[in-house]
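Chemist: Okay, handing you the structure first.
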Amino acid sequence: MSATRAGLRPVITGIGAVTPSGIGTEEHWRSTLRGELRVGPIASFDASRYATTLAGEVTGFDPADHIGGRIILQTDRWTWLGMAATGFALTDAAYDPAAHDPYATSVVFGAGSGGNDFGQRELQRLWSRGRQAVSVYQSIAWFYAATTGQASIQHGVKGPSGVVVSDGAGGLDSLAQARRTIRRGTPVVLAGGAEAGLTPYALTCQITGGRLSTSREPHGGYKPFDREAGGHVPAEGGATLVVEDPASAAARGAPRVYAEIAGYAATHDAHHHRDPSPDPRWYAEAMRRALADARLTPADVDVIFADGAGSRDLDELEARAIHTAFGAHAERVPVTAPQGLTGRMCAGGSALAAVNAVLSIRDGVIPAVGNLDDPAPEYRLDLVRVPRETPVRVAMVNARGYGGFNSSLILRAVDPATTDGGTR
């Protein structure tokens with residue numbers, strides 16, 4: 001890879017979201033800015049006997065509106081959500097992969113748990129009716145790479161593709177992989193992630209992690225940075241972003257360039273427990289390195305989209321990491337975590353956080369921390385309580401995943417005069 005390509009900053013030219021707060025990007029964004037709580041009792045199955053009964057569910061979604069019937073039969077709900085988000089993003093970018101060389105487009109999605117609904121249904125058939133009752137599509141519908149593969153097939157994409165599995169950090173890590181792929185010569189990459197982990201077995205697995213809220217009341221369910229934070233609630237949904245070589249975007253006349261991927265870094269706690277270690281330095285190091293990669297300083301950051309785990313110890317750890325990375329600026333930079341309104345979507349959540357950051361840059365408004373009533377003062381952070389209208393040129397998006405994953409992404413507004421490629 002040439003030095004020029006190594007420093008190239010890909011741009012985001014399309015976004016699509018399917019979430020509990022709305023089917024489609026603008027519906028989601030309006031709901032987020034209104035502060036609408038979309039967490040409620042699980043309706044897809046009877047969860048009354050479970051320790052966790054709340055979740056963020058995507059309602060009113062019909063996969064037939066977005067993908068063909070044959071694919072619906074072969075795939076799981078998480079793939080339906082991901083492919084719908086991808087369709088929205090491609091439309092937004094005015095980009096049709098079929099109109100280009102098949103090798104000019106790649107797909108790289110983050111994934112956390114695969115096809116839960118399809119897998120549970122087929123395993124129940126196996127144990128109740130025998131192996132002959134199991135669908136032949138079980139082998140592919142549950143697989144982590146199913147959405148990547150199905151999106152590639154639907155859109156005729158043959159560029160280097162893949163899947164990133166790093167729990168909640170996966171959405172950001174997919175964007176980092178998109179940047180690498182573009183720097184190696186592929187003009188366009190579809191990146192992001194979606195999840196649908198609301199089934200009895202999937203919920204049981206998440207409960208055993210010890211981080212889910214046991215509140216029966218939606219307003220008490222998921223409260224990032226709140227004194228009453230008692231764990232998070234799971235959610236389904238996610239987002240897709242069209243990431244593009246700036247020269248390609250300019251050559252085809254992309255209708256808009258939302259932002260550039262200015263910096264990224266990832267670290268790992270190297271800690272054998274399922275949660276991040278009590279030492280926040282590796283999380284802080286990811287933030288520092290992302291800023292260095294973007295050639296920016298803490299003073300340049302207009303907003304931090306935080307991981308916002310919703311547990312007192314993990315929120316405290318994140319606050320310490322921000323103070324370690326930002327120093328004197330830690331109490332000045334606005335911090336938000338709108339996912340308190342919807343629940344945590346694993347890899348889909350960090351992809352959606354990137355979309356939220358893009359929309360903040362576009363509209364000059366920072367959404368509030370979701371479901372925050374009583375901020376914990378000891379964190380000493382400028383937590384956004386109501387949507388804040390302010391110019392946003394640089395946004396930091398942070399995410400963590402169980403197992404010690406820490407990722408930090410820097411998105412930056414683009415001067416239209418600089419969207420023809422090159423480095424800064």
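If you're wondering about the labels, chains in the structure tokens are A, B, ... by order shown, residues count from 1 in each chain, ligands from 1 in order shown.
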Compile the contact shell of Ala151 in chain A as a ChimeraX atom specification: residues with an atom at most 8 Å away, counting only C-alpha atoms, same-chain residues fewer than 6 positions apart removed.
Modeler: /A:83,86,107,157
Chemist: Find the spatial neighbours of range 120-133 of chain A, counting only C-alpha atoms, within a cut-off of 10 Å - ignore same-chain residues fewer than 6 positions away - and output them as a ChimeraX atom specification.
Modeler: /A:142,199-202
Chemist: If you take only C-alpha atoms and a cut-off of 10 Å, which residues of range 92-172 of chain A touch range 66-80 of chain A, and what are their nearest atom pairs and distances in Å to one decimal, in chain and number order, as CSV?
Modeler:
residue,atom,partner,partner_atom,distance
A:Ala111,CA,A:Trp78,CA,9.5
A:Ser113,CA,A:Trp78,CA,9.4
A:Gly114,CA,A:Trp78,CA,7.3
A:Gly115,CA,A:Asp76,CA,5.2
A:Asn116,CA,A:Asp76,CA,7.3
A:Asp117,CA,A:Asp76,CA,6.3
A:Phe118,CA,A:Asp76,CA,5.3
A:Gly119,CA,A:Asp76,CA,8.2
A:Ser135,CA,A:Gln74,CA,8.8
A:Val136,CA,A:Gln74,CA,8.7
A:Tyr137,CA,A:Gln74,CA,5.6
A:Gln138,CA,A:Gln74,CA,8.1
A:Ser139,CA,A:Gln74,CA,10.0
A:Ile140,CA,A:Thr75,CA,7.7
A:Ala141,CA,A:Thr75,CA,4.7
A:Trp142,CA,A:Asp76,CA,7.0
A:Phe143,CA,A:Asp76,CA,9.6
A:Tyr144,CA,A:Thr79,CA,9.8
A:Ala145,CA,A:Thr79,CA,9.5
A:Ala146,CA,A:Thr79,CA,6.9
A:Thr147,CA,A:Thr79,CA,4.8
A:Thr148,CA,A:Thr79,CA,8.5
A:Gly149,CA,A:Thr79,CA,9.7
A:Gln150,CA,A:Thr79,CA,7.8
A:Ala151,CA,A:Thr79,CA,8.7
A:Gln154,CA,A:Ile67,CA,8.7
Chemist: With C-alpha atoms retained, write the just-selected residues as a PDB file, in the first residue's frame.
Modeler:
ATOM      1  CA  ALA A 111     -21.926  -9.432  14.360  1.00  0.00           C
ATOM      2  CA  SER A 113     -24.616 -13.524  18.199  1.00  0.00           C
ATOM      3  CA  GLY A 114     -25.863 -14.627  14.779  1.00  0.00           C
ATOM      4  CA  GLY A 115     -29.256 -16.034  13.862  1.00  0.00           C
ATOM      5  CA  ASN A 116     -30.928 -16.609  17.205  1.00  0.00           C
ATOM      6  CA  ASP A 117     -34.560 -16.981  16.165  1.00  0.00           C
ATOM      7  CA  PHE A 118     -33.892 -19.339  13.266  1.00  0.00           C
ATOM      8  CA  GLY A 119     -31.460 -21.370  15.341  1.00  0.00           C
ATOM      9  CA  SER A 135     -34.319 -26.958   7.774  1.00  0.00           C
ATOM     10  CA  VAL A 136     -31.413 -27.315   5.395  1.00  0.00           C
ATOM     11  CA  TYR A 137     -30.844 -23.580   5.866  1.00  0.00           C
ATOM     12  CA  GLN A 138     -29.969 -23.955   9.542  1.00  0.00           C
ATOM     13  CA  SER A 139     -26.299 -24.307   8.604  1.00  0.00           C
ATOM     14  CA  ILE A 140     -26.196 -20.815   7.085  1.00  0.00           C
ATOM     15  CA  ALA A 141     -28.981 -18.816   8.767  1.00  0.00           C
ATOM     16  CA  TRP A 142     -27.386 -18.801  12.240  1.00  0.00           C
ATOM     17  CA  PHE A 143     -23.849 -18.112  10.963  1.00  0.00           C
ATOM     18  CA  TYR A 144     -22.134 -14.836  11.956  1.00  0.00           C
ATOM     19  CA  ALA A 145     -21.374 -14.039   8.314  1.00  0.00           C
ATOM     20  CA  ALA A 146     -24.924 -14.686   7.063  1.00  0.00           C
ATOM     21  CA  THR A 147     -25.865 -11.029   6.653  1.00  0.00           C
ATOM     22  CA  THR A 148     -22.587 -10.224   4.916  1.00  0.00           C
ATOM     23  CA  GLY A 149     -23.101 -13.126   2.538  1.00  0.00           C
ATOM     24  CA  GLN A 150     -26.757 -12.466   1.799  1.00  0.00           C
ATOM     25  CA  ALA A 151     -26.176  -8.747   1.205  1.00  0.00           C
ATOM     26  CA  GLN A 154     -28.523  -9.671  -3.274  1.00  0.00           C
TER      27      GLN A 154
END
Chemist: Identify which of the residues A:Ala299, A:Ala286, A:Ala259, A:Ala55 lies closest to Arg393 in chain A, counting only C-alpha atoms when measuring atom-to-atom distances.
Modeler: A:Ala259
Chemist: With distances taken over only C-alpha atoms, which residue among A:Thr186, A:Thr13, A:Thr52, A:Ser350 lies nearest Phe88 in chain A?
Modeler: A:Thr13
Chemist: Would you give me, as CSV, each residue of range 21-76 of chain A having an atom within 9 Å of an atom of range 326-343 of chain A, along with its shortest atom pair and that distance in Å to one decimal, using only C-alpha atoms and sorting by chain and residue number?
Modeler:
residue,atom,partner,partner_atom,distance
A:Ser21,CA,A:Thr342,CA,6.6
A:Thr32,CA,A:Pro338,CA,7.0
A:Leu33,CA,A:Pro338,CA,8.9
A:Gly35,CA,A:Leu341,CA,7.0
A:Glu36,CA,A:Leu341,CA,6.5
A:Leu37,CA,A:Leu341,CA,4.5
A:Arg38,CA,A:Thr342,CA,5.1
A:Val39,CA,A:Thr342,CA,5.5
A:Ala55,CA,A:Gly343,CA,6.4
A:Gly56,CA,A:Thr342,CA,5.1
A:Glu57,CA,A:Thr342,CA,8.1
Chemist: Using DSSP secondary structure from the backbone, list all helix (DSSP H, G or I) positions within range 176-356 of chain A, as a ChimeraX atom specification.
Modeler: /A:176-183,200-208,218-220,246-252,281-294,298-300,312-329,338-341,347-356
Chemist: Convert the current residue selection to file output with C-alpha atoms, as an mmCIF file, in the first residue's frame.
Modeler:
data_model
loop_
_atom_site.group_PDB
_atom_site.id
_atom_site.type_symbol
_atom_site.label_atom_id
_atom_site.label_comp_id
_atom_site.auth_asym_id
_atom_site.auth_seq_id
_atom_site.Cartn_x
_atom_site.Cartn_y
_atom_site.Cartn_z
ATOM 1 C CA ALA A 176 -12.243 0.376 10.565
ATOM 2 C CA GLN A 177 -12.094 -2.696 8.327
ATOM 3 C CA ALA A 178 -13.945 -0.725 5.653
ATOM 4 C CA ARG A 179 -11.253 1.938 5.848
ATOM 5 C CA ARG A 180 -8.519 -0.686 5.420
ATOM 6 C CA THR A 181 -10.345 -2.231 2.464
ATOM 7 C CA ILE A 182 -10.703 1.131 0.715
ATOM 8 C CA ARG A 183 -7.067 1.982 1.320
ATOM 9 C CA PRO A 200 -35.681 -17.386 25.027
ATOM 10 C CA TYR A 201 -32.267 -18.971 24.532
ATOM 11 C CA ALA A 202 -30.543 -15.723 23.532
ATOM 12 C CA LEU A 203 -32.036 -13.851 26.467
ATOM 13 C CA THR A 204 -30.952 -16.632 28.838
ATOM 14 C CA CYS A 205 -27.386 -16.347 27.542
ATOM 15 C CA GLN A 206 -27.386 -12.598 28.058
ATOM 16 C CA ILE A 207 -28.813 -12.900 31.571
ATOM 17 C CA THR A 208 -25.970 -15.209 32.589
ATOM 18 C CA PRO A 218 -39.309 0.699 31.380
ATOM 19 C CA HIS A 219 -38.036 3.972 32.875
ATOM 20 C CA GLY A 220 -35.925 1.970 35.307
ATOM 21 C CA PRO A 246 -13.506 10.264 -1.620
ATOM 22 C CA ALA A 247 -12.302 10.209 -5.228
ATOM 23 C CA SER A 248 -14.974 7.643 -6.090
ATOM 24 C CA ALA A 249 -17.659 9.711 -4.376
ATOM 25 C CA ALA A 250 -16.625 12.806 -6.309
ATOM 26 C CA ALA A 251 -16.376 10.968 -9.635
ATOM 27 C CA ARG A 252 -19.869 9.514 -9.448
ATOM 28 C CA ARG A 281 -6.072 2.840 30.858
ATOM 29 C CA TRP A 282 -6.579 0.577 27.830
ATOM 30 C CA TYR A 283 -9.942 2.124 27.040
ATOM 31 C CA ALA A 284 -8.348 5.562 27.425
ATOM 32 C CA GLU A 285 -5.487 4.449 25.198
ATOM 33 C CA ALA A 286 -7.933 3.618 22.403
ATOM 34 C CA MET A 287 -9.293 7.171 22.616
ATOM 35 C CA ARG A 288 -5.807 8.681 22.651
ATOM 36 C CA ARG A 289 -4.659 6.659 19.682
ATOM 37 C CA ALA A 290 -7.792 7.440 17.695
ATOM 38 C CA LEU A 291 -7.166 11.154 18.220
ATOM 39 C CA ALA A 292 -3.530 10.748 17.235
ATOM 40 C CA ASP A 293 -4.585 8.833 14.121
ATOM 41 C CA ALA A 294 -6.884 11.739 13.228
ATOM 42 C CA PRO A 298 -8.996 16.565 22.902
ATOM 43 C CA ALA A 299 -9.807 20.258 22.434
ATOM 44 C CA ASP A 300 -10.924 19.519 18.857
ATOM 45 C CA ARG A 312 -22.508 1.904 37.911
ATOM 46 C CA ASP A 313 -19.098 0.245 37.849
ATOM 47 C CA LEU A 314 -18.746 0.238 34.049
ATOM 48 C CA ASP A 315 -20.062 3.788 33.712
ATOM 49 C CA GLU A 316 -17.555 4.875 36.357
ATOM 50 C CA LEU A 317 -14.791 3.096 34.464
ATOM 51 C CA GLU A 318 -15.777 4.881 31.251
ATOM 52 C CA ALA A 319 -15.801 8.250 33.016
ATOM 53 C CA ARG A 320 -12.311 7.562 34.360
ATOM 54 C CA ALA A 321 -11.129 6.598 30.882
ATOM 55 C CA ILE A 322 -12.489 9.848 29.423
ATOM 56 C CA HIS A 323 -10.728 11.850 32.135
ATOM 57 C CA THR A 324 -7.505 9.949 31.505
ATOM 58 C CA ALA A 325 -7.653 10.522 27.742
ATOM 59 C CA PHE A 326 -8.964 14.107 27.742
ATOM 60 C CA GLY A 327 -7.291 15.550 30.805
ATOM 61 C CA ALA A 328 -8.428 19.110 31.491
ATOM 62 C CA HIS A 329 -10.926 18.939 28.610
ATOM 63 C CA PRO A 338 -28.903 8.054 23.361
ATOM 64 C CA GLN A 339 -29.057 4.236 23.390
ATOM 65 C CA GLY A 340 -30.696 4.506 26.808
ATOM 66 C CA LEU A 341 -33.907 5.082 24.827
ATOM 67 C CA ALA A 347 -22.599 -4.751 17.294
ATOM 68 C CA GLY A 348 -25.664 -3.049 15.854
ATOM 69 C CA GLY A 349 -25.537 -0.514 18.671
ATOM 70 C CA SER A 350 -22.091 0.824 17.859
ATOM 71 C CA ALA A 351 -22.998 0.995 14.160
ATOM 72 C CA LEU A 352 -26.061 3.027 15.132
ATOM 73 C CA ALA A 353 -23.921 5.251 17.369
ATOM 74 C CA ALA A 354 -21.812 6.082 14.310
ATOM 75 C CA VAL A 355 -24.989 6.999 12.416
ATOM 76 C CA ASN A 356 -26.090 9.185 15.329
#
Chemist: Give me the residues within 6 Å of Arg344 in chain A as a list in words, counting only C-alpha atoms and dropping any in the same chain fewer than 2 places off.
Modeler: Pro234, Ala235, Cys346 and Gly349 of chain A
Chemist: Neighbouring residues of Lys158 in chain A were defined as those with any atom within 8 Å, considering only C-alpha atoms; residues of the same chain fewer than 2 positions away were excluded. Please report them as a PDB file with C-alpha atoms, in the first residue's frame.
Modeler:
ATOM      1  CA  PRO A 102     -18.795  -6.291  -9.007  1.00  0.00           C
ATOM      2  CA  TYR A 103     -15.326  -6.095  -7.477  1.00  0.00           C
ATOM      3  CA  ALA A 104     -15.712  -2.364  -6.744  1.00  0.00           C
ATOM      4  CA  THR A 105     -17.935  -2.971  -3.706  1.00  0.00           C
ATOM      5  CA  SER A 106     -17.329  -4.910  -0.497  1.00  0.00           C
ATOM      6  CA  SER A 152     -23.319  -9.621  -1.153  1.00  0.00           C
ATOM      7  CA  GLY A 156     -24.018  -8.780  -6.748  1.00  0.00           C
ATOM      8  CA  PRO A 160     -13.205  -8.497  -0.396  1.00  0.00           C
ATOM      9  CA  SER A 161     -15.805  -8.980   2.305  1.00  0.00           C
TER      10      SER A 161
END
